[in-house]
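Read through the structure below, which is laid out as structure tokens, and then see the notes.
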Amino acid sequence: MRQTWRWFGPHDLTSVDDMRQAGVEGVVSALHHIPTGAVWTGAEIAKRQAELAPHLAWEVVESLPVSEDIKKQKGDWRTHIANYKSSLENLADKGLETICYNFMPVLDWTRTDLAYRVPHGGTCMRFDLVDFAAFDIFILERPAAAADFGPELAAQAAERFAEMSDGRRQELARNVTMGLPGSTESMSIPDVRRHLAEYDNLDADRLRSNFIAFLEEVAPTAERLGMRLCCHPDDPPFPLLGLPRIMSSAADYRAILNAVDSPANGMTLCSGSLGARPDNDLPAIMREFGPRVHFLHLRNVTLEQPGMPASFHEAEHLGGGTDMVALIAEVLREEARRKAEGRGDHQIPMRPDHGQDIIDDLGRKGQPGYPTIGRLKGLAELRGIMTALSHPSVTF
Ligand code: DNO
Ligand code: MN
């Protein structure tokens with residue numbers, strides 16, 4: 001596994017030296033300042049590379065975002081697909097081959113709390129189902145929300161909302177609508193309503209066929225350029241706000257990877273996102289999709305009640321519900337197979353995904369989920385497992 005780290009650019013609170021001291025081998029980054037749908041030029045790509053040189057290199061793109069127009073096949077979607085291909089050409093030209101993206105309508109990740117206190121005194125991000133229902137029913141006032149949650153949850157949400165201070169209501173709205181890729185800005189409630197209205201007649205089947213149409217266009221380009229596209233799962237992996245979600249389970253990935261059967265059409269295995277659903281068996285998913293797993297996000301979540309959807313919080317990397325040792329063992333098995341086949345991409349890039357805020361992270365206002373010390377701890381723990389399982393006395 002190649003040990004990588006997400007870096008948001010020169011304004012990131014983690015410096016290049018911090019990454020080097022954490023033992024990072026390669027960097028995951030994106031050009032967040034370029035509007036979604038526009039072309040990433042060679043000059044802009046080279047600038048980010050220069051910001052890391054000479055000590056580190058940009059090795060994985062996360063994310064090259066897919067526009068809402070492409071997801072809906074509306075407006076400028078054809079231009080956006082052509083631009084996506086141009087961006088791929090420009091990235092390949094600069095040596096970048098692994099491209100992560102997601103296909104979630106409107107929002108990227110969704111949490112109700114960005115600094116939930118855990119017993120050791122640190123904080124983490126959390127998704128509270130009752131708070132989320134309160135947001136949906138009483139703040140967003142989405143007409144179908146109460147019925148979607150059912151009477152019991154809707155009643156709990158009403159009680160919770162009545163007890164909430166104005167400050168907490170505002171904070172909740174800000175947190176839920178913050179999941180824009182690479183940004184710390186929230187969407188306004190009217191903006192969210194406008195976006196949702198656009199999906200009124202767009203169900204999961206239609207979203208899936210739009211996704212396949214996108215891949216049929218871009219995967220051949222990526223394959224020709226020797227690139228690996230890898231779709232990040234829905235986070236959390238269940239429908240929210242009445243929007244369809246189509247990359248939440250092994251069955252979802254099976255459908256998409258089979259529909260466009262190219263090595264360039266692959267998966268970002270995010271154990272934290274998929275792990276928020278009890279029927280996702282992460283080691284089994286790694287075993288099934290191994291040859292098409294091009295990037296790994298390793299983190300863990302604790303489900304707070306049985307069933308799905310459920311509240312959850314982001315656990316320490318080796319805590320939570322996913323057996324990280326079993327998952328890493330599957331990754332190492334896959335890497336050994338690739339090596340035996342002589343595949344050039346036998347080393348899969350991994351990054352410690354979100355971390356808890358601990359020690360000097362507390363009180364620093366960085367990108368939510370991306371603290372320096374919390375991730376450094378996660379990386380160190382994951383590296384320990386990788387090192388132990390890669391020891392010559394262990395064979396696969
Ligand atoms: C959550 C994070 C995501 C991810 C994007 C990729 O698990 O890894 O926010 O960065 O969804 O497109
Ligand atoms: Mn992830």
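Following the order of the structure tokens, chains are lettered A, B, ..., residues in each are numbered from 1, and ligands are numbered from 1.
Residues of protein or nucleic acid lying within 7 Å of ligand 2, counting only C-alpha atoms and all ligand atoms, are His232, Cys270, Gly272, Ser273, His297 and Asp353 of chain A.
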Create the file for the chosen residues now, containing N, CA and C atoms and written as a tab-separated table (two decimals), in the first residue's frame.
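Once everything was written out, this is again.tsv:
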```tsv
chain	number	residue	atom	x	y	z
A	232	HIS	N	-16.02	7.04	-5.24
A	232	HIS	CA	-16.17	7.01	-3.77
A	232	HIS	C	-17.62	6.68	-3.42
A	270	CYS	N	-14.00	3.14	0.57
A	270	CYS	CA	-13.97	3.96	1.79
A	270	CYS	C	-14.65	3.16	2.89
A	272	GLY	N	-15.03	3.81	5.97
A	272	GLY	CA	-15.87	4.60	6.87
A	272	GLY	C	-17.23	4.87	6.28
A	273	SER	N	-17.28	5.23	5.00
A	273	SER	CA	-18.58	5.50	4.39
A	273	SER	C	-19.40	4.22	4.30
A	297	HIS	N	-9.73	4.45	1.30
A	297	HIS	CA	-9.91	5.37	2.41
A	297	HIS	C	-10.11	4.50	3.64
A	353	ASP	N	-8.46	8.22	6.16
A	353	ASP	CA	-9.56	9.16	5.91
A	353	ASP	C	-9.78	9.90	7.23
```
Next on the checklist: Env of A:Ala197: 12 Å cut, atoms = only C-alpha atoms, seq-sep filter 6 positions within chain, self excluded. Answer as a VMD selection string.
Outcome noted: chain A and resid 72 105 to 106 142 to 143 190 to 191 241 to 243
Checklist entry - Would you give me, as number ranges by chain, the residues in stretch 232-364 of chain A that DSSP reads as helix (DSSP H, G or I)? => result A: 250-259, 271-274, 282-292, 324-341, 359-361
Generate the output file for the selected residues, N, CA and C atoms, as a compact mmCIF listing (two decimals), in the first residue's frame.
```
# COMPACT_ATOMS: atom_id res chain seq x y z
N ALA A 250 -22.43 -3.26 -1.95
CA ALA A 250 -21.73 -4.13 -2.90
C ALA A 250 -22.57 -4.29 -4.17
N ALA A 251 -23.89 -4.44 -4.01
CA ALA A 251 -24.76 -4.61 -5.18
C ALA A 251 -24.69 -3.38 -6.09
N ASP A 252 -24.64 -2.19 -5.49
CA ASP A 252 -24.53 -0.96 -6.28
C ASP A 252 -23.23 -0.95 -7.10
N TYR A 253 -22.13 -1.30 -6.45
CA TYR A 253 -20.84 -1.32 -7.18
C TYR A 253 -20.83 -2.38 -8.27
N ARG A 254 -21.41 -3.55 -7.95
CA ARG A 254 -21.49 -4.64 -8.93
C ARG A 254 -22.17 -4.13 -10.20
N ALA A 255 -23.30 -3.43 -10.03
CA ALA A 255 -24.07 -2.95 -11.19
C ALA A 255 -23.22 -2.00 -12.03
N ILE A 256 -22.55 -1.08 -11.39
CA ILE A 256 -21.80 -0.05 -12.14
C ILE A 256 -20.52 -0.61 -12.75
N LEU A 257 -19.81 -1.45 -11.99
CA LEU A 257 -18.55 -1.98 -12.52
C LEU A 257 -18.82 -2.97 -13.66
N ASN A 258 -19.94 -3.71 -13.57
CA ASN A 258 -20.27 -4.63 -14.67
C ASN A 258 -20.78 -3.89 -15.89
N ALA A 259 -21.53 -2.81 -15.67
CA ALA A 259 -22.14 -2.08 -16.80
C ALA A 259 -21.06 -1.51 -17.72
N SER A 271 -13.83 2.64 3.81
CA SER A 271 -14.38 1.75 4.84
C SER A 271 -15.28 2.51 5.80
N GLY A 272 -15.03 3.81 5.97
CA GLY A 272 -15.87 4.60 6.87
C GLY A 272 -17.23 4.87 6.28
N SER A 273 -17.28 5.23 5.00
CA SER A 273 -18.58 5.50 4.39
C SER A 273 -19.40 4.22 4.30
N LEU A 274 -18.83 3.19 3.70
CA LEU A 274 -19.58 1.92 3.54
C LEU A 274 -19.90 1.30 4.90
N LEU A 282 -16.88 -5.18 4.88
CA LEU A 282 -15.75 -4.55 4.19
C LEU A 282 -14.68 -5.53 3.69
N PRO A 283 -14.23 -6.50 4.51
CA PRO A 283 -13.26 -7.45 3.95
C PRO A 283 -13.84 -8.21 2.75
N ALA A 284 -15.13 -8.55 2.80
CA ALA A 284 -15.76 -9.26 1.67
C ALA A 284 -15.83 -8.37 0.44
N ILE A 285 -16.09 -7.09 0.63
CA ILE A 285 -16.14 -6.15 -0.49
C ILE A 285 -14.75 -6.04 -1.13
N MET A 286 -13.73 -5.97 -0.30
CA MET A 286 -12.36 -5.91 -0.83
C MET A 286 -12.03 -7.18 -1.63
N ARG A 287 -12.47 -8.32 -1.12
CA ARG A 287 -12.21 -9.60 -1.80
C ARG A 287 -12.93 -9.62 -3.15
N GLU A 288 -14.19 -9.17 -3.16
CA GLU A 288 -14.97 -9.23 -4.41
C GLU A 288 -14.45 -8.27 -5.48
N PHE A 289 -14.16 -7.03 -5.08
CA PHE A 289 -13.83 -6.02 -6.09
C PHE A 289 -12.33 -5.76 -6.23
N GLY A 290 -11.52 -6.57 -5.53
CA GLY A 290 -10.07 -6.36 -5.45
C GLY A 290 -9.40 -5.77 -6.68
N PRO A 291 -9.49 -6.45 -7.85
CA PRO A 291 -8.74 -5.94 -9.01
C PRO A 291 -9.20 -4.56 -9.46
N ARG A 292 -10.41 -4.16 -9.07
CA ARG A 292 -10.93 -2.84 -9.50
C ARG A 292 -10.84 -1.80 -8.38
N MET A 324 -10.36 -3.78 10.91
CA MET A 324 -9.34 -3.16 10.06
C MET A 324 -8.21 -4.15 9.72
N VAL A 325 -7.90 -5.03 10.64
CA VAL A 325 -6.83 -6.01 10.37
C VAL A 325 -7.28 -6.95 9.25
N ALA A 326 -8.53 -7.41 9.33
CA ALA A 326 -9.04 -8.31 8.29
C ALA A 326 -9.10 -7.59 6.94
N LEU A 327 -9.49 -6.32 6.96
CA LEU A 327 -9.58 -5.57 5.70
C LEU A 327 -8.18 -5.38 5.09
N ILE A 328 -7.23 -4.98 5.92
CA ILE A 328 -5.87 -4.75 5.40
C ILE A 328 -5.27 -6.07 4.89
N ALA A 329 -5.57 -7.16 5.58
CA ALA A 329 -5.08 -8.47 5.10
C ALA A 329 -5.61 -8.75 3.70
N GLU A 330 -6.88 -8.41 3.45
CA GLU A 330 -7.46 -8.61 2.10
C GLU A 330 -6.75 -7.72 1.07
N VAL A 331 -6.44 -6.50 1.48
CA VAL A 331 -5.75 -5.60 0.55
C VAL A 331 -4.37 -6.18 0.21
N LEU A 332 -3.66 -6.66 1.22
CA LEU A 332 -2.32 -7.21 0.97
C LEU A 332 -2.39 -8.46 0.09
N ARG A 333 -3.44 -9.24 0.27
CA ARG A 333 -3.64 -10.42 -0.60
C ARG A 333 -3.81 -9.98 -2.06
N GLU A 334 -4.64 -8.95 -2.25
CA GLU A 334 -4.87 -8.44 -3.60
C GLU A 334 -3.55 -7.90 -4.19
N GLU A 335 -2.80 -7.19 -3.38
CA GLU A 335 -1.54 -6.65 -3.88
C GLU A 335 -0.57 -7.78 -4.26
N ALA A 336 -0.56 -8.83 -3.47
CA ALA A 336 0.31 -9.97 -3.79
C ALA A 336 -0.10 -10.61 -5.12
N ARG A 337 -1.42 -10.72 -5.34
CA ARG A 337 -1.93 -11.28 -6.61
C ARG A 337 -1.49 -10.41 -7.79
N ARG A 338 -1.66 -9.09 -7.63
CA ARG A 338 -1.29 -8.17 -8.72
C ARG A 338 0.20 -8.28 -9.04
N LYS A 339 1.00 -8.40 -7.99
CA LYS A 339 2.44 -8.49 -8.18
C LYS A 339 2.78 -9.75 -8.96
N ALA A 340 2.10 -10.85 -8.58
CA ALA A 340 2.35 -12.12 -9.27
C ALA A 340 1.96 -12.03 -10.74
N GLU A 341 0.93 -11.22 -11.02
CA GLU A 341 0.49 -11.04 -12.43
C GLU A 341 1.33 -10.02 -13.16
N ILE A 359 -5.48 16.33 20.94
CA ILE A 359 -4.28 17.10 21.33
C ILE A 359 -4.29 18.48 20.65
N ASP A 360 -3.28 18.80 19.86
CA ASP A 360 -3.21 20.16 19.29
C ASP A 360 -4.26 20.44 18.21
N ASP A 361 -4.98 19.41 17.77
CA ASP A 361 -6.05 19.67 16.78
C ASP A 361 -7.19 20.45 17.41
```
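DSSP secondary structure from the backbone places Gly26, Val27, Val28, Ser29, Trp58, Glu59, Val60, Val61, Glu62, Thr98, Ile99, Cys100, Tyr101, Asn102, Asp113, Leu114, Ala115, Tyr116, Arg117, Thr123, Cys124, Met125, Arg126, Phe127, Arg228, Leu229, Cys230, Cys231 and His232 of chain A of stretch 25-240 of chain A in strand (DSSP E).
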Item to check | Non-local contacts of stretch 10-12 of chain A (10 Å; only C-alpha atoms; under 5 positions in same chain excluded) as a VMD selection string | outcome: chain A and resid 48 51 to 52 366 to 367 370 to 372
Selected residues, N, CA and C atoms, written as a compact mmCIF listing (two decimals), in the first residue's frame, please.
```
# COMPACT_ATOMS: atom_id res chain seq x y z
N ARG A 48 0.00 23.12 -8.54
CA ARG A 48 -0.18 22.29 -7.34
C ARG A 48 1.02 21.35 -7.16
N GLU A 51 3.85 23.20 -5.65
CA GLU A 51 3.67 23.54 -4.23
C GLU A 51 4.14 22.41 -3.32
N LEU A 52 4.24 21.22 -3.85
CA LEU A 52 4.65 20.05 -3.05
C LEU A 52 6.11 19.69 -3.25
N GLY A 366 -9.71 23.86 10.99
CA GLY A 366 -9.32 23.39 9.66
C GLY A 366 -10.50 22.81 8.92
N GLN A 367 -10.21 22.04 7.91
CA GLN A 367 -11.23 21.34 7.13
C GLN A 367 -11.85 20.28 8.05
N TYR A 370 -10.38 16.59 8.93
CA TYR A 370 -9.01 16.43 8.43
C TYR A 370 -7.96 17.04 9.36
N PRO A 371 -8.00 16.69 10.66
CA PRO A 371 -7.01 17.22 11.59
C PRO A 371 -5.63 16.58 11.38
N THR A 372 -4.60 17.31 11.72
CA THR A 372 -3.23 16.77 11.52
C THR A 372 -2.93 15.63 12.48
```
Next on the checklist: Using only C-alpha atoms, which protein or nucleic acid residues come within 9 Å of A:Leu64? Drop anything in the same chain fewer than 2 positions from it, and give the result as a PyMOL selection string.
Outcome noted: chain A and resi 30-32+36+40+61-62+66+84+87-88+99-102
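Nearest residue to ligand 1, choosing from A:Arg117, A:Arg6, A:Arg20, A:His80 and counting only C-alpha atoms and all ligand atoms: A:Arg6.
When atom CA of A:Leu129 is paired with atom 12 (O, counted along the ligand's line) of ligand 1, their separation reads 22.6 Å.
One finds atom 4 (C, counted along the ligand's line) of ligand 1 at 20.5 Å from atom CA of A:Asn210.
With distances taken over only C-alpha atoms and all ligand atoms, A:Val60 is the one residue among A:Leu382, A:Ala22, A:Ala162, A:Val60 lying closest to ligand 1.
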